[in-house]
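**Student:** Encoded as C-alpha cells, here's the structure I'll be asking about.
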Amino acid sequence: MTDAERISRESFYGNLVWVVDGRSFRDNFDIYHLLPDPTSELAQDLVWAKATREMQGAARGLFFRISEAILEDPGATKATLRSGWIHGIHEIEEQVNASYRGHHQYHWVRPRRTWLDTRCPVYIDFGEDSLVKLDVYDESGLPCIRLISKKKFVHDAMVESSAQAIATRFYPIS
C-alpha cells in the first residue's frame, strides 16, 4: 500500500485499526527481550539501550538506571553511557516478569515505512497466536511492540468504540 492510499483511508474512515499480514517479512522482524510495564515504578528508573541485530548485547536487554545517574550528577534527568553503569536484564529478570504487560524491544530490517508513519494503531499478524502491535515504550521514543492475543484483539474490536482503545486494558496472553 502506498503512503497516499494509507493516508486517504485514514482520513476517510478516521477511527480505524490496521492489521497487516506480516508473513512476507517475518524474517526481517526480530522480537527481543521483555520490557516491564512502562507505567511501573521499575520502568521509571530504567533507560534501555536500543536493540538491533547488530547490537546483540542490547538485544538481550541492556539498560541504565536513572537513580545511578542522579548519584553521579544530582541535576541529571536521564541516564546515559557516561553517567552510569550498564546493566543486563538478568539482574532484574524477576521484577521485569512481575510487571510484564506484553512489551518487547524489536528491530525491523527494511521496515515498511508506511506502517511506522501511520496515526492509527498497527497490528502485524505473523500467523501465530498473538498479534504484534507497533508501539512506543515511553517518552524517550523507544520503539517497542506489544504482544496481543488474537482473542483479546477480536473481543476489543467488537466492544470498543475507539480503535485507540483496543488492547489498552491488560489481560495475560492466553
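Ordered as shown in the C-alpha cells, chains take letters A, B, and onward, while each chain numbers its residues from 1 and ligands are numbered from 1 in the order shown.
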Within 8 Å of segment 113-127 of chain A, counting only C-alpha atoms, which residues show up once you throw out same-chain ones fewer than 3 positions away? Write them as a list of chain:residue names, please.
**Tutor:**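 In the requested form, the answer reads A:Met1, A:Thr2, A:Asp3, A:Arg6, A:Ile7, A:Glu10, A:Asn15, A:Leu16, A:Val17, A:Trp18, A:Val19, A:Val20, A:Asp21, A:Gly22, A:Arg23, A:Arg26, A:Ser130, A:Leu131, A:Val132, A:Lys133, A:Leu134, A:Ala163, A:Gln164.
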**Student:** List the neighbours of Asp135 of chain A out to 8 Å using only C-alpha atoms; skip same-chain residues closer than 6 positions along the sequence, and give me the result as an MDAnalysis selection string.
**Tutor:** chainID A and resid 143:146
**Student:** One decimal, Å: what's the distance from atom CA of Val109 of chain A over to atom CA of Ile89 of chain A, could you say?
**Tutor:** 23.6 Å
**Student:** Could you check which of A:Tyr137, A:Phe12, A:Tyr32, A:Trp48 is closest to Gln105 of chain A, using only C-alpha atoms?
**Tutor:** A:Tyr32
